[in-house]
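What follows is one structure encoded as structure tokens, with my remarks underneath.
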There are 2 protein chains.
Amino acid sequence: MALSKAEIERRMERMARTCRDGGLKLTHQRMEVFRELAGAEDHPDAETIYQHVRRRVPAISRDTVYRTLATLEEQGLIHKAEILSSRGRYDANMDHHHHFICTACGRVHDFYSRTLDDLPIPRSVASFGRVESAQVQLRGICTSCAKTKE
Amino acid sequence: MALSKAEIERRMERMARTCRDGGLKLTHQRMEVFRELAGAEDHPDAETIYQHVRRRVPAISRDTVYRTLATLEEQGLIHKAEILSSRGRYDANMDHHHHFICTACGRVHDFYSRTLDDLPIPRSVASFGRVESAQVQLRGICTSCAKTKE
DNA sequence: TCTCTAAACAAGAATAATTCCGATTCAGGA
DNA sequence: TCCTGAATCGGAATTATTCTTGTTTAGAGA
């Protein structure tokens, strides 16, 4: 079940409005990168987006795709999923725990919660596959980053 | 509050036992990489671990650190946090949602849950900082990967 | 204890994702 | 239409990670 044309158009319009409000130019490239994501449901990566948009905008560069994705994320128009930083982070704490991630400095704090260890998984998820683990990720600003910002 | 010597030793012993059981050699390098993580609470990345271990084992190579971390993770002795794959994944769905991630193929499925949108955050987290968003990550094997494995 | 061998290691080259840089183009306001 | 700063292009640079080749070594067995 792909997204409806109407939904895509709604997203395109919101994007155009946000860009205008933010003083960002509505370039052909920017719109096509967003259109690609607005119609996708499979969380594509930058390279995939680049390859698809290139069919419509042959001269577009990878750099533009990367820059545009970063800009759109800043504007709150898209999400970048899963990645904390470009580096993997390791941890020898094998007790079941959850993470608080500071979006400013990238620091990760573990925390524990019996309630969160045993989350109610919606029945609909079963259609995706078998769940093997569940973890809560909190994002925010840590106390030391909050201090330095003031 | 650093980890107690006793806890570190407990982890070291478990590591030694696991290696022996798995037919893995207890090399100096392997033990020092694990010791570094066993005593750390800050989720260091591979480069940081390399720099620290190097002070004790000057000739160790980055490759060994990377290989050892992968081996330790396979053995269930450490966690690799946050990273799904090496590529960022993008998403124009800005409604609050959660993720089911297939650990075999890396595919990501969105799902929705009012209950999960409003998780009870433990009071202790407040000491880390201000929480701005909460998201549940489920990991497992998706139906299509489960099929091809049979 | 000594020997042997597969497993593990070191060093640096290779790869992959992403970002930077200098030159060029263009969106949108005047 | 003209102008200017923002955005783009193309390729080089950077960063994290993995691979390759030759060397070392843990630990099994004599």
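Naming scheme: A, B, ... for chains in displayed order of the structure tokens; residues 1 onward per chain; ligands 1 onward as shown.
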
(message) Taking only C-alpha atoms (C1' of nucleotides) into account and nothing else, which residues of chain C lie no more than 12 Å away from chain A? Please answer as a PyMOL selection string.
(response) chain C and resi 16-21+25-29

(message) Show me, as a PyMOL selection string, the residues that have an atom within 12 Å of range 6-14 of chain C when counting only C-alpha atoms (C1' of nucleotides), minus same-chain residues fewer than 2 positions from it.
(response) (chain B and resi 23-30+58-65+67-68+71) or (chain C and resi 4+16) or (chain D and resi 17-28)

(message) To test your reading of the structure, identify every residue in range 40-90 of chain B that backbone DSSP assigns to alpha helix (DSSP H), and report it as a VMD selection string.
(response) chain B and resid 46 to 56 62 to 74

(request) Would you please give, as a ChimeraX atom specification, all residues of range 14-150 of chain A that DSSP assigns to strand (DSSP E) based on the backbone? (result) /A:79-81,89-91,98-102,108-111,129-142

(message) So that I can see what lies close to His43 in chain A, please list as a VMD selection string the residues with an atom at most 12 Å from it, counting only C-alpha atoms (C1' of nucleotides) and leaving out residues fewer than 2 positions away in the same chain.
(response) (chain A and resid 36 to 41 45 to 49 78 to 82) or (chain B and resid 87 to 93 99 to 101 106 to 110)

(request) Just give me the gap between CA of Gly129 in chain B and CA of Thr143 in chain A in Å, one decimal is fine. (result)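 Going from CA of Gly129 in chain B over to CA of Thr143 in chain A, I get 4.6 Å.
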
Determine, using only C-alpha atoms (C1' of nucleotides), which residues of chain D have any atom at most 7 Å from an atom of chain A, and tabulate each with its shortest atom pair and distance in Å to one decimal place, rows ordered by chain and then rising number, as JSON lines.
{"residue": "D:DT8", "atom": "C1'", "partner": "A:Thr64", "partner_atom": "CA", "distance": 6.8}
{"residue": "D:DC9", "atom": "C1'", "partner": "A:Ser61", "partner_atom": "CA", "distance": 6.2}
{"residue": "D:DA16", "atom": "C1'", "partner": "A:Arg87", "partner_atom": "CA", "distance": 6.9}

Grab the residues selected above and save them as a tab-separated table (two decimals), in the first residue's frame with all heavy atoms.
chain	number	residue	atom	x	y	z
D	8	DT	P	20.87	22.88	-3.41
D	8	DT	OP1	19.63	22.19	-3.86
D	8	DT	OP2	21.56	22.48	-2.18
D	8	DT	O5'	21.91	22.82	-4.61
D	8	DT	C5'	21.51	23.29	-5.89
D	8	DT	C4'	22.65	23.12	-6.88
D	8	DT	O4'	23.74	23.99	-6.48
D	8	DT	C3'	23.22	21.70	-6.91
D	8	DT	O3'	23.08	21.19	-8.23
D	8	DT	C2'	24.68	21.87	-6.48
D	8	DT	C1'	24.95	23.34	-6.73
D	8	DT	N1	25.93	23.93	-5.80
D	8	DT	C2	27.10	24.44	-6.31
D	8	DT	O2	27.39	24.43	-7.50
D	8	DT	N3	27.96	24.96	-5.36
D	8	DT	C4	27.76	25.02	-4.00
D	8	DT	O4	28.59	25.51	-3.26
D	8	DT	C5	26.50	24.46	-3.54
D	8	DT	C7	26.18	24.46	-2.08
D	8	DT	C6	25.66	23.96	-4.46
D	9	DC	P	23.43	19.67	-8.51
D	9	DC	OP1	22.55	19.22	-9.60
D	9	DC	OP2	23.46	18.96	-7.22
D	9	DC	O5'	24.91	19.78	-9.05
D	9	DC	C5'	25.21	20.62	-10.16
D	9	DC	C4'	26.67	20.49	-10.54
D	9	DC	O4'	27.47	21.20	-9.57
D	9	DC	C3'	27.20	19.06	-10.59
D	9	DC	O3'	27.90	18.89	-11.81
D	9	DC	C2'	28.11	18.96	-9.35
D	9	DC	C1'	28.53	20.40	-9.14
D	9	DC	N1	28.79	20.82	-7.72
D	9	DC	C2	29.94	21.58	-7.41
D	9	DC	O2	30.75	21.85	-8.31
D	9	DC	N3	30.12	22.00	-6.14
D	9	DC	C4	29.23	21.72	-5.20
D	9	DC	N4	29.45	22.17	-3.96
D	9	DC	C5	28.05	20.95	-5.49
D	9	DC	C6	27.88	20.52	-6.76
D	16	DA	P	36.42	8.90	12.60
D	16	DA	OP1	35.65	9.39	13.75
D	16	DA	OP2	37.88	8.73	12.70
D	16	DA	O5'	35.79	7.51	12.16
D	16	DA	C5'	34.40	7.43	11.92
D	16	DA	C4'	34.11	6.07	11.34
D	16	DA	O4'	34.79	5.93	10.08
D	16	DA	C3'	34.57	4.89	12.20
D	16	DA	O3'	33.48	3.99	12.33
D	16	DA	C2'	35.76	4.31	11.45
D	16	DA	C1'	35.44	4.69	10.01
D	16	DA	N9	36.61	4.88	9.15
D	16	DA	C8	37.75	5.60	9.42
D	16	DA	N7	38.63	5.61	8.45
D	16	DA	C5	38.02	4.84	7.46
D	16	DA	C6	38.44	4.46	6.16
D	16	DA	N6	39.60	4.83	5.63
D	16	DA	N1	37.59	3.70	5.43
D	16	DA	C2	36.42	3.36	5.97
D	16	DA	N3	35.92	3.64	7.18
D	16	DA	C4	36.78	4.40	7.87

(request) Enter the distance from CA of Ala146 in chain B to CA of Glu132 in chain A, in Å, rounded to one decimal. (result) 12.6 Å

(request) List the neighbours of Tyr112 in chain A out to 10 Å using only C-alpha atoms (C1' of nucleotides); skip same-chain residues closer than 6 positions along the sequence, and give me the result as a ChimeraX atom specification. (result) /A:95-99 /B:122,124-125
